[in-house]
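> Contents are compact mmCIF, C-alpha atoms; file name structure-v7.txt:
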# COMPACT_ATOMS: atom_id res chain seq x y z
CA MET A 621 64.94 38.50 -9.82
CA LYS A 622 62.65 38.91 -12.81
CA LYS A 623 63.01 35.19 -13.54
CA ASN A 624 61.78 34.27 -10.08
CA CYS A 625 58.73 36.56 -10.46
CA TRP A 626 57.77 34.90 -13.73
CA VAL A 627 58.08 31.42 -12.18
CA GLY A 628 55.89 32.46 -9.27
CA ALA A 629 53.21 33.90 -11.55
CA ILE A 630 53.10 30.77 -13.69
CA PHE A 631 52.81 28.58 -10.59
CA CYS A 632 49.88 30.62 -9.25
CA MET A 633 48.08 30.42 -12.59
CA LEU A 634 48.46 26.63 -12.69
CA VAL A 635 47.04 26.31 -9.18
CA PHE A 636 44.07 28.50 -10.15
CA LEU A 637 43.31 26.47 -13.28
CA SER A 638 43.63 23.22 -11.39
CA ALA A 639 41.13 24.43 -8.78
CA CYS A 640 38.68 25.45 -11.50
CA GLY A 641 38.96 22.07 -13.16
CA THR A 642 38.36 20.25 -9.87
CA THR A 643 35.27 22.35 -9.11
CA SER A 644 33.83 21.70 -12.55
CA SER A 645 34.40 17.96 -12.21
CA GLN A 646 32.71 17.87 -8.78
CA GLN A 647 29.67 19.74 -10.11
CA VAL A 648 29.19 17.22 -12.94
CA THR A 649 29.47 14.24 -10.60
CA SER A 650 27.00 15.76 -8.17
CA SER A 651 24.43 16.54 -10.86
CA GLU A 652 24.61 13.01 -12.21
CA THR A 653 23.76 11.41 -8.86
CA LYS A 654 21.06 13.77 -7.61
CA ASN A 655 17.53 12.44 -7.45
CA GLU A 656 15.05 14.52 -9.47
CA SER A 657 12.30 14.49 -6.85
CA SER A 658 14.70 15.11 -3.95
CA PRO A 659 17.56 17.30 -5.27
CA ASP A 660 19.43 17.27 -1.96
CA LEU A 661 19.70 13.47 -1.90
CA ALA A 662 22.23 11.64 -4.05
CA SER A 663 21.14 8.37 -5.65
CA GLN A 664 23.70 5.65 -5.03
CA GLU A 665 23.96 1.94 -4.46
CA GLN A 666 23.14 1.35 -0.81
CA VAL A 667 21.93 -1.42 1.45
CA ILE A 668 18.33 -1.13 2.57
CA THR A 669 16.82 -3.32 5.29
CA TYR A 670 13.17 -4.31 5.04
CA LEU A 671 11.54 -6.81 7.39
CA ASP A 672 14.94 -8.04 8.60
CA LYS A 673 16.27 -8.71 5.09
CA ASP A 674 18.97 -6.66 3.35
CA TYR A 675 18.77 -5.50 -0.27
CA GLU A 676 21.49 -3.76 -2.29
CA ILE A 677 19.69 -1.12 -4.30
CA ILE A 678 20.25 2.24 -6.01
CA TYR A 679 18.19 4.81 -4.10
CA PRO A 680 16.60 7.31 -3.66
CA THR A 681 15.21 6.96 -7.15
CA GLN A 682 12.27 7.69 -9.38
CA LYS A 683 12.86 4.52 -11.38
CA ILE A 684 10.52 2.22 -9.48
CA VAL A 685 8.04 -0.30 -10.84
CA THR A 686 5.20 -0.94 -8.37
CA ALA A 687 4.28 -4.50 -9.22
CA SER A 688 1.85 -4.92 -6.33
CA LEU A 689 -1.29 -3.10 -5.25
CA GLU A 690 0.15 -2.49 -1.79
CA ALA A 691 3.14 -0.69 -3.32
CA MET A 692 0.83 1.28 -5.62
CA GLU A 693 -1.23 2.46 -2.65
CA ASP A 694 1.90 3.55 -0.79
CA ALA A 695 3.16 5.40 -3.88
CA VAL A 696 -0.12 7.31 -4.15
CA ALA A 697 -0.09 8.07 -0.42
CA LEU A 698 3.32 9.73 -0.76
CA GLY A 699 2.57 11.46 -4.05
CA PHE A 700 5.13 9.40 -5.95
CA GLU A 701 4.60 8.47 -9.62
CA PRO A 702 6.07 5.05 -10.48
CA LEU A 703 7.42 4.01 -13.86
CA GLY A 704 4.97 1.14 -14.11
CA ALA A 705 2.12 -0.48 -12.21
CA VAL A 706 -0.02 -3.62 -12.35
CA THR A 707 -3.65 -4.00 -13.31
CA VAL A 708 -6.80 -5.60 -11.94
CA GLY A 709 -8.91 -6.98 -14.75
CA ASP A 710 -8.44 -4.78 -17.80
CA GLY A 711 -6.86 -1.73 -16.22
CA PHE A 712 -5.58 0.13 -13.20
CA PRO A 713 -7.95 0.15 -10.19
CA ASN A 714 -10.38 3.07 -10.40
CA TYR A 715 -9.48 4.41 -6.97
CA LEU A 716 -5.78 4.64 -7.92
CA LYS A 717 -5.50 5.31 -11.64
CA GLU A 718 -6.03 9.08 -11.47
CA HIS A 719 -3.22 9.40 -8.92
CA LEU A 720 -0.51 7.23 -10.46
CA GLY A 721 0.51 9.80 -13.06
CA GLU A 722 -0.19 10.17 -16.76
CA ASP A 723 3.01 8.42 -17.84
CA VAL A 724 2.75 5.27 -15.71
CA ALA A 725 3.11 2.14 -17.85
CA ASN A 726 0.87 -0.90 -17.69
CA VAL A 727 3.11 -3.85 -16.77
CA GLY A 728 0.40 -6.49 -16.69
CA ASN A 729 -1.71 -8.45 -14.26
CA LYS A 730 -1.17 -8.23 -10.50
CA PHE A 731 -0.58 -11.99 -10.26
CA GLY A 732 2.34 -11.96 -12.67
CA PRO A 733 3.68 -8.80 -14.34
CA ASP A 734 4.83 -8.95 -17.95
CA VAL A 735 8.60 -9.43 -17.93
CA GLU A 736 9.16 -7.68 -21.26
CA ALA A 737 7.10 -4.65 -20.21
CA VAL A 738 9.04 -4.32 -16.95
CA THR A 739 12.40 -4.82 -18.68
CA ALA A 740 11.65 -2.02 -21.14
CA LEU A 741 11.34 0.45 -18.25
CA THR A 742 14.87 -0.28 -16.94
CA PRO A 743 13.89 0.21 -13.28
CA ASP A 744 16.34 0.57 -10.40
CA VAL A 745 14.03 -1.43 -8.17
CA ILE A 746 10.87 -3.52 -8.51
CA LEU A 747 8.36 -3.68 -5.66
CA GLY A 748 6.56 -7.00 -5.95
CA SER A 749 4.22 -8.84 -3.61
CA THR A 750 4.60 -11.59 -1.03
CA LYS A 751 1.65 -13.17 -2.86
CA PHE A 752 3.89 -13.87 -5.88
CA ASP A 753 4.91 -17.38 -6.81
CA ASP A 754 8.65 -17.98 -6.53
CA SER A 755 8.90 -18.22 -10.31
CA VAL A 756 7.46 -14.70 -10.72
CA THR A 757 9.90 -13.26 -8.20
CA ALA A 758 12.82 -15.05 -9.87
CA SER A 759 11.92 -13.60 -13.28
CA LEU A 760 11.62 -10.06 -11.95
CA SER A 761 14.86 -10.33 -9.99
CA LYS A 762 16.74 -10.89 -13.24
CA ILE A 763 15.62 -7.42 -14.37
CA ALA A 764 16.37 -5.41 -11.23
CA PRO A 765 16.58 -5.87 -7.45
CA THR A 766 13.12 -6.99 -6.38
CA ILE A 767 11.55 -6.49 -2.97
CA ASN A 768 8.31 -8.32 -2.35
CA VAL A 769 6.17 -5.98 -0.28
CA SER A 770 4.23 -7.69 2.50
CA HIS A 771 0.48 -8.13 2.01
CA GLN A 772 0.07 -8.67 5.75
CA SER A 773 -1.76 -5.71 7.28
CA ILE A 774 0.40 -5.70 10.39
CA ASN A 775 3.37 -4.55 8.25
CA TRP A 776 1.76 -1.37 6.92
CA GLU A 777 4.20 0.98 8.67
CA ASP A 778 7.24 -0.95 7.38
CA ASN A 779 5.77 -0.84 3.88
CA LEU A 780 5.21 2.91 3.96
CA ARG A 781 8.67 3.55 5.38
CA LEU A 782 10.17 1.41 2.61
CA MET A 783 8.48 3.52 -0.05
CA GLY A 784 9.58 6.68 1.73
CA GLN A 785 13.20 5.57 1.91
CA LEU A 786 13.35 4.45 -1.73
CA THR A 787 11.85 7.70 -3.02
CA GLY A 788 13.57 10.14 -0.66
CA LYS A 789 10.30 10.86 1.18
CA THR A 790 11.16 9.49 4.62
CA GLU A 791 9.81 12.53 6.47
CA ASP A 792 6.54 12.37 4.56
CA ALA A 793 6.15 8.69 5.45
CA GLU A 794 6.74 9.33 9.14
CA GLN A 795 4.25 12.21 9.12
CA LYS A 796 1.58 9.98 7.56
CA ILE A 797 2.02 7.47 10.38
CA VAL A 798 1.67 10.24 12.96
CA ASP A 799 -1.41 11.61 11.17
CA TYR A 800 -3.11 8.23 11.20
CA GLN A 801 -2.56 7.78 14.92
CA SER A 802 -3.98 11.25 15.53
CA ASP A 803 -7.08 10.51 13.43
CA LEU A 804 -7.48 7.18 15.22
CA SER A 805 -7.45 8.88 18.60
CA ALA A 806 -10.19 11.24 17.42
CA PHE A 807 -12.27 8.29 16.20
CA LYS A 808 -12.03 6.49 19.53
CA LYS A 809 -13.09 9.62 21.35
CA ASP A 810 -16.16 10.00 19.14
CA HIS A 811 -17.00 6.27 19.10
CA PRO A 812 -16.35 4.91 22.61
CA ASN A 813 -18.72 1.92 22.27
CA THR A 814 -16.81 -0.19 19.73
CA PRO A 815 -15.40 -2.55 22.44
CA ASP A 816 -19.00 -3.51 23.26
CA GLN A 817 -19.80 -4.62 19.69
CA LYS A 818 -18.85 -7.67 17.66
CA ALA A 819 -17.94 -6.80 14.09
CA VAL A 820 -16.86 -8.57 10.92
CA ILE A 821 -15.84 -7.54 7.42
CA ILE A 822 -17.04 -9.64 4.48
CA ARG A 823 -15.51 -9.43 1.04
CA ILE A 824 -17.66 -10.85 -1.75
CA ARG A 825 -15.49 -12.59 -4.36
CA ASP A 826 -16.71 -14.76 -7.22
CA GLY A 827 -20.21 -14.68 -5.77
CA GLU A 828 -19.22 -16.00 -2.34
CA LEU A 829 -18.97 -14.54 1.14
CA CYS A 830 -15.29 -14.40 2.17
CA VAL A 831 -13.97 -13.74 5.66
CA TYR A 832 -10.40 -13.39 6.89
CA GLY A 833 -8.21 -14.18 9.86
CA GLU A 834 -7.44 -11.66 12.58
CA LYS A 835 -4.16 -10.59 10.92
CA VAL A 836 -5.41 -10.33 7.34
CA TYR A 837 -7.12 -7.67 5.20
CA TYR A 838 -8.80 -4.94 7.31
CA ASN A 839 -9.06 -7.10 10.42
CA PRO A 840 -5.96 -5.77 12.26
CA MET A 841 -7.53 -2.34 11.96
CA ILE A 842 -11.07 -3.36 12.89
CA TYR A 843 -10.04 -5.33 15.98
CA GLY A 844 -6.68 -3.80 16.89
CA ASP A 845 -7.17 -0.12 16.02
CA LEU A 846 -10.92 0.49 16.21
CA GLY A 847 -11.36 -1.92 19.12
CA PHE A 848 -14.32 -4.02 17.95
CA GLN A 849 -14.80 -7.48 19.44
CA ILE A 850 -13.74 -10.40 17.26
CA PRO A 851 -16.37 -13.13 16.71
CA GLU A 852 -15.35 -16.42 18.30
CA GLU A 853 -15.83 -18.21 14.97
CA LEU A 854 -13.13 -16.08 13.38
CA ASN A 855 -10.45 -17.34 15.76
CA ALA A 856 -10.18 -20.60 13.81
CA ILE A 857 -9.70 -18.78 10.48
CA GLU A 858 -6.29 -17.67 9.18
CA ALA A 859 -6.51 -17.07 5.42
CA GLN A 860 -9.40 -16.15 3.13
CA THR A 861 -12.28 -18.52 3.85
CA THR A 862 -15.71 -18.79 2.22
CA ILE A 863 -18.83 -19.20 4.33
CA SER A 864 -22.53 -19.52 3.57
CA VAL A 865 -25.23 -17.05 4.57
CA GLU A 866 -26.58 -19.73 6.91
CA GLN A 867 -23.21 -20.06 8.64
CA PHE A 868 -22.78 -16.34 8.97
CA ALA A 869 -26.23 -15.88 10.51
CA LYS A 870 -25.10 -17.99 13.46
CA TRP A 871 -22.22 -15.62 14.23
CA ASN A 872 -24.65 -13.12 15.76
CA VAL A 873 -22.56 -10.01 15.09
CA ASP A 874 -23.56 -6.41 15.77
CA VAL A 875 -21.75 -4.62 12.93
CA VAL A 876 -21.00 -5.85 9.40
CA PHE A 877 -18.88 -4.27 6.69
CA VAL A 878 -19.54 -5.68 3.21
CA GLN A 879 -17.15 -5.05 0.32
CA PHE A 880 -18.25 -5.81 -3.27
CA SER A 881 -16.62 -4.93 -6.59
CA ASP A 882 -17.66 -5.80 -10.13
CA GLU A 883 -14.06 -6.72 -11.02
CA GLU A 884 -14.01 -9.50 -8.41
CA ASN A 885 -17.47 -10.80 -9.25
CA ALA A 886 -17.65 -11.27 -13.00
CA GLY A 887 -20.69 -13.40 -13.71
CA HIS A 888 -22.13 -12.66 -10.26
CA LEU A 889 -23.02 -8.98 -10.56
CA ASP A 890 -26.48 -9.52 -9.05
CA PHE A 891 -25.12 -11.27 -5.97
CA LEU A 892 -25.15 -8.25 -3.67
CA ASN A 893 -28.72 -7.28 -4.52
CA ASN A 894 -29.82 -10.87 -4.04
CA LEU A 895 -28.03 -11.01 -0.69
CA LYS A 896 -29.88 -7.95 0.57
CA GLU A 897 -33.19 -9.66 -0.24
CA ASN A 898 -32.19 -12.98 1.35
CA ALA A 899 -34.50 -13.76 4.30
CA ILE A 900 -31.73 -15.34 6.36
CA TRP A 901 -29.47 -12.32 5.81
CA GLN A 902 -32.31 -10.00 6.82
CA SER A 903 -32.78 -11.92 10.06
CA THR A 904 -29.29 -11.18 11.40
CA PRO A 905 -28.89 -8.67 14.26
CA ALA A 906 -26.69 -6.29 12.26
CA VAL A 907 -29.23 -6.03 9.43
CA ASN A 908 -32.14 -5.62 11.83
CA SER A 909 -30.41 -2.77 13.64
CA ASN A 910 -29.29 -1.12 10.38
CA HIS A 911 -25.61 -1.64 11.20
CA VAL A 912 -24.51 -3.05 7.86
CA TYR A 913 -22.19 -0.83 5.84
CA TYR A 914 -21.88 -1.67 2.15
CA ASN A 915 -18.64 -0.52 0.50
CA ILE A 916 -17.70 1.83 3.28
CA VAL A 917 -14.64 2.41 1.08
CA ASP A 918 -13.91 1.48 -2.53
CA ALA A 919 -13.82 -2.31 -2.68
CA GLY A 920 -10.43 -2.20 -4.36
CA TYR A 921 -8.55 -1.06 -1.25
CA GLN A 922 -6.17 -3.75 0.00
CA GLY A 923 -6.84 -3.07 3.68
CA GLY A 924 -3.30 -3.24 4.98
CA THR A 925 -1.77 0.06 3.83
CA TYR A 926 -1.80 3.63 5.10
CA LEU A 927 -4.05 4.67 2.20
CA SER A 928 -6.55 1.88 2.92
CA LYS A 929 -6.61 2.49 6.64
CA GLU A 930 -6.98 6.26 6.37
CA ALA A 931 -9.83 5.90 3.84
CA PHE A 932 -11.64 3.40 6.07
CA LEU A 933 -11.11 5.49 9.19
CA SER A 934 -12.44 8.61 7.51
CA SER A 935 -15.61 6.87 6.27
CA ALA A 936 -16.16 5.02 9.55
CA SER A 937 -15.89 8.28 11.46
CA ASP A 938 -18.68 9.74 9.35
CA GLN A 939 -20.95 6.71 8.94
CA LEU A 940 -20.82 4.61 12.09
CA GLN A 941 -23.74 5.19 14.41
In structure tokens, what does this structure look like?

Amino acid sequence: MKKNCWVGAIFCMLVFLSACGTTSSQQVTSSETKNESSPDLASQEQVITYLDKDYEIIYPTQKIVTASLEAMEDAVALGFEPLGAVTVGDGFPNYLKEHLGEDVANVGNKFGPDVEAVTALTPDVILGSTKFDDSVTASLSKIAPTINVSHQSINWEDNLRLMGQLTGKTEDAEQKIVDYQSDLSAFKKDHPNTPDQKAVIIRIRDGELCVYGEKVYYNPMIYGDLGFQIPEELNAIEAQTTISVEQFAKWNVDVVFVQFSDEENAGHLDFLNNLKENAIWQSTPAVNSNHVYYNIVDAGYQGGTYLSKEAFLSSASDQLQ
């Protein structure tokens, strides 16, 4: 009888110790896979679908290199600090650099990030750009799974959702989209006459007037969201196209947005001042009616992201007559 009691006690003790060991092991595994910014979400290799293409990536994660300006804008919009980011000219864009985080690494020029700099960061994912040459994408893909984020403005919601999913901020991304639509509704209520006005946005680059197709830069917002009329001449334009002041004067538009940055006009820093004094420019309807808006937002904004659109909408709400 005593023997049976001892056997039972030993068995119970073994079961107890086994349970303790299992619990300890589970706690270690869980802590190793939790994402630092979203402790309730476990980082693991998963398939993510972006613009109808599947990518096998470890996420949610903080180990992201934003190798495109669009991705950098989405990171800032969601309050996410990437491992590395690209530069324009000699450094990070002024409108973004204070929001990227103190520890963000410079991984080189936006047209082609430095492979060694990106490799040193050991990212889980690299967010590139659809503007990249195939050779740039191939080099980055050897380091980590690379998703080229669309530079087309019509894909801004997909881009923001991608950043939200990768960083564990899906709810934040969805709320930003809702907020923008709410702000847009308020703008339309306060500015009901935009459908009666022809508008165009001009970006000055290398001392030339550049215009864009209906689906590029800020145009989907200007014509699709704000409701301005599109000039007939713009219908034949798809990508960035340079025009002369004389050509533009014939467009006869009511509202003009002009974007100018020193970084994009090295050697032509006086161009904007000279344009304002140009007699042909002064003769256009928009100038005569004081409906020209110079740098309504920082000229660095890419146009086709939540951050770009919200900044433009906020300024337009305040400035448009």
> Report as a ChimeraX atom specification all protein, DNA and RNA residues lying within 8 Å of region 815-831 of chain A, evaluated on all atoms listed in the file, omitting residues in the same chain fewer than 4 positions from it.
/A:838-839,842,847-851,860-865,873-881,884-889,891
> Those selected residues, please, written with C-alpha atoms and delivered as an mmCIF file, in the frame of the given file.

data_model
loop_
_atom_site.group_PDB
_atom_site.id
_atom_site.type_symbol
_atom_site.label_atom_id
_atom_site.label_comp_id
_atom_site.auth_asym_id
_atom_site.auth_seq_id
_atom_site.Cartn_x
_atom_site.Cartn_y
_atom_site.Cartn_z
ATOM 1 C CA TYR A 838 -8.800 -4.940 7.310
ATOM 2 C CA ASN A 839 -9.060 -7.100 10.420
ATOM 3 C CA ILE A 842 -11.070 -3.360 12.890
ATOM 4 C CA GLY A 847 -11.360 -1.920 19.120
ATOM 5 C CA PHE A 848 -14.320 -4.020 17.950
ATOM 6 C CA GLN A 849 -14.800 -7.480 19.440
ATOM 7 C CA ILE A 850 -13.740 -10.400 17.260
ATOM 8 C CA PRO A 851 -16.370 -13.130 16.710
ATOM 9 C CA GLN A 860 -9.400 -16.150 3.130
ATOM 10 C CA THR A 861 -12.280 -18.520 3.850
ATOM 11 C CA THR A 862 -15.710 -18.790 2.220
ATOM 12 C CA ILE A 863 -18.830 -19.200 4.330
ATOM 13 C CA SER A 864 -22.530 -19.520 3.570
ATOM 14 C CA VAL A 865 -25.230 -17.050 4.570
ATOM 15 C CA VAL A 873 -22.560 -10.010 15.090
ATOM 16 C CA ASP A 874 -23.560 -6.410 15.770
ATOM 17 C CA VAL A 875 -21.750 -4.620 12.930
ATOM 18 C CA VAL A 876 -21.000 -5.850 9.400
ATOM 19 C CA PHE A 877 -18.880 -4.270 6.690
ATOM 20 C CA VAL A 878 -19.540 -5.680 3.210
ATOM 21 C CA GLN A 879 -17.150 -5.050 0.320
ATOM 22 C CA PHE A 880 -18.250 -5.810 -3.270
ATOM 23 C CA SER A 881 -16.620 -4.930 -6.590
ATOM 24 C CA GLU A 884 -14.010 -9.500 -8.410
ATOM 25 C CA ASN A 885 -17.470 -10.800 -9.250
ATOM 26 C CA ALA A 886 -17.650 -11.270 -13.000
ATOM 27 C CA GLY A 887 -20.690 -13.400 -13.710
ATOM 28 C CA HIS A 888 -22.130 -12.660 -10.260
ATOM 29 C CA LEU A 889 -23.020 -8.980 -10.560
ATOM 30 C CA PHE A 891 -25.120 -11.270 -5.970
#
> Skip Glu722 (chain A) itself and residues of its chain fewer than 4 positions away, then list as a ChimeraX atom specification all residues within 12 Å of it, counting all atoms listed in the file.
/A:701-705,712,716-718,726
> May I have the residues within 7 Å of Leu786 (chain A) as number ranges by chain, using only C-alpha atoms and disregarding those fewer than 2 positions away in the same chain?
A: 679-681, 782-784, 788
> Take the point (10.2, 6.8, 3.1) in the file's coordinates, draw a sphere of radius 12 Å around it, and report as a PDB file with C-alpha atoms, in the frame of the given file every protein, DNA or RNA residue with an atom inside or on it, counting all atoms listed in the file.

ATOM      1  CA  SER A 658      14.700  15.110  -3.950  1.00  0.00           C
ATOM      2  CA  ILE A 668      18.330  -1.130   2.570  1.00  0.00           C
ATOM      3  CA  TYR A 670      13.170  -4.310   5.040  1.00  0.00           C
ATOM      4  CA  TYR A 679      18.190   4.810  -4.100  1.00  0.00           C
ATOM      5  CA  PRO A 680      16.600   7.310  -3.660  1.00  0.00           C
ATOM      6  CA  THR A 681      15.210   6.960  -7.150  1.00  0.00           C
ATOM      7  CA  ASP A 694       1.900   3.550  -0.790  1.00  0.00           C
ATOM      8  CA  ALA A 695       3.160   5.400  -3.880  1.00  0.00           C
ATOM      9  CA  ALA A 697      -0.090   8.070  -0.420  1.00  0.00           C
ATOM     10  CA  LEU A 698       3.320   9.730  -0.760  1.00  0.00           C
ATOM     11  CA  GLY A 699       2.570  11.460  -4.050  1.00  0.00           C
ATOM     12  CA  PHE A 700       5.130   9.400  -5.950  1.00  0.00           C
ATOM     13  CA  GLU A 777       4.200   0.980   8.670  1.00  0.00           C
ATOM     14  CA  ASP A 778       7.240  -0.950   7.380  1.00  0.00           C
ATOM     15  CA  ASN A 779       5.770  -0.840   3.880  1.00  0.00           C
ATOM     16  CA  LEU A 780       5.210   2.910   3.960  1.00  0.00           C
ATOM     17  CA  ARG A 781       8.670   3.550   5.380  1.00  0.00           C
ATOM     18  CA  LEU A 782      10.170   1.410   2.610  1.00  0.00           C
ATOM     19  CA  MET A 783       8.480   3.520  -0.050  1.00  0.00           C
ATOM     20  CA  GLY A 784       9.580   6.680   1.730  1.00  0.00           C
ATOM     21  CA  GLN A 785      13.200   5.570   1.910  1.00  0.00           C
ATOM     22  CA  LEU A 786      13.350   4.450  -1.730  1.00  0.00           C
ATOM     23  CA  THR A 787      11.850   7.700  -3.020  1.00  0.00           C
ATOM     24  CA  GLY A 788      13.570  10.140  -0.660  1.00  0.00           C
ATOM     25  CA  LYS A 789      10.300  10.860   1.180  1.00  0.00           C
ATOM     26  CA  THR A 790      11.160   9.490   4.620  1.00  0.00           C
ATOM     27  CA  GLU A 791       9.810  12.530   6.470  1.00  0.00           C
ATOM     28  CA  ASP A 792       6.540  12.370   4.560  1.00  0.00           C
ATOM     29  CA  ALA A 793       6.150   8.690   5.450  1.00  0.00           C
ATOM     30  CA  GLU A 794       6.740   9.330   9.140  1.00  0.00           C
ATOM     31  CA  GLN A 795       4.250  12.210   9.120  1.00  0.00           C
ATOM     32  CA  LYS A 796       1.580   9.980   7.560  1.00  0.00           C
ATOM     33  CA  ILE A 797       2.020   7.470  10.380  1.00  0.00           C
TER      34      ILE A 797
END
> What is the CA of Asp845 (chain A) to CA of Tyr832 (chain A) distance in Å?
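CA of Asp845 (chain A) sits 16.4 Å away from CA of Tyr832 (chain A).
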> Determine the nearest neighbour of Pro840 (chain A) from the options A:Ile684, A:Ile774, A:Val706, A:Ala931, counting all atoms listed in the file.
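So, comparing all the options, the nearest one is A:Ile774.
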> Give me, as a ChimeraX atom specification, all polymer residues having an atom no more than 9 Å from region 756-759 of chain A, counting only C-alpha atoms and skipping those fewer than 2 positions away in the same chain.
/A:731-733,735,748-749,752-754,761-763,766-768
> So the first atom is CA of Ser928 (chain A) and the second is CA of Tyr837 (chain A); what is the distance between them in Å, to one decimal place?
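It comes out at 9.8 Å.
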> What does the distance from CA of Ser688 (chain A) to CA of His719 (chain A) come to in Å, to one decimal?
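Here the two named atoms are 15.4 Å from each other.
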> Go through A:Ser802, A:Gln922, A:Asn729, A:Gln664 one by one, measure the shortest atom-to-atom distance of each to Ser934 (chain A) using all atoms listed in the file, and give the residue with the smallest value.
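Of A:Ser802, A:Gln922, A:Asn729, A:Gln664, the one nearest Ser934 (chain A), counting all atoms listed in the file, is A:Ser802.
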> Output as a short mmCIF file (atom, residue, chain, number, x, y, z; two decimals), in the frame of the given file: region 815-827 of chain A, completed with N, CA and C atoms.

data_model
loop_
_atom_site.label_atom_id
_atom_site.label_comp_id
_atom_site.auth_asym_id
_atom_site.auth_seq_id
_atom_site.Cartn_x
_atom_site.Cartn_y
_atom_site.Cartn_z
N PRO A 815 -15.77 -1.33 21.70
CA PRO A 815 -15.40 -2.55 22.44
C PRO A 815 -16.60 -3.37 22.90
N ASP A 816 -17.79 -2.80 22.83
CA ASP A 816 -19.00 -3.51 23.26
C ASP A 816 -19.70 -4.21 22.09
N GLN A 817 -19.13 -4.08 20.88
CA GLN A 817 -19.80 -4.62 19.69
C GLN A 817 -18.92 -5.62 18.94
N LYS A 818 -19.55 -6.70 18.51
CA LYS A 818 -18.85 -7.67 17.66
C LYS A 818 -19.00 -7.22 16.20
N ALA A 819 -17.90 -7.26 15.49
CA ALA A 819 -17.94 -6.80 14.09
C ALA A 819 -17.20 -7.79 13.19
N VAL A 820 -17.54 -7.74 11.91
CA VAL A 820 -16.86 -8.57 10.92
C VAL A 820 -16.90 -7.87 9.57
N ILE A 821 -15.85 -8.05 8.79
CA ILE A 821 -15.84 -7.54 7.42
C ILE A 821 -15.93 -8.72 6.47
N ILE A 822 -16.82 -8.60 5.49
CA ILE A 822 -17.04 -9.64 4.48
C ILE A 822 -16.65 -9.06 3.12
N ARG A 823 -15.88 -9.82 2.39
CA ARG A 823 -15.51 -9.43 1.04
C ARG A 823 -16.15 -10.44 0.08
N ILE A 824 -16.98 -9.95 -0.81
CA ILE A 824 -17.66 -10.85 -1.75
C ILE A 824 -16.77 -11.03 -2.98
N ARG A 825 -16.38 -12.29 -3.23
CA ARG A 825 -15.49 -12.59 -4.36
C ARG A 825 -16.04 -13.82 -5.09
N ASP A 826 -16.17 -13.68 -6.39
CA ASP A 826 -16.71 -14.76 -7.22
C ASP A 826 -18.06 -15.26 -6.70
N GLY A 827 -18.87 -14.33 -6.22
CA GLY A 827 -20.21 -14.68 -5.77
C GLY A 827 -20.26 -15.47 -4.48
#
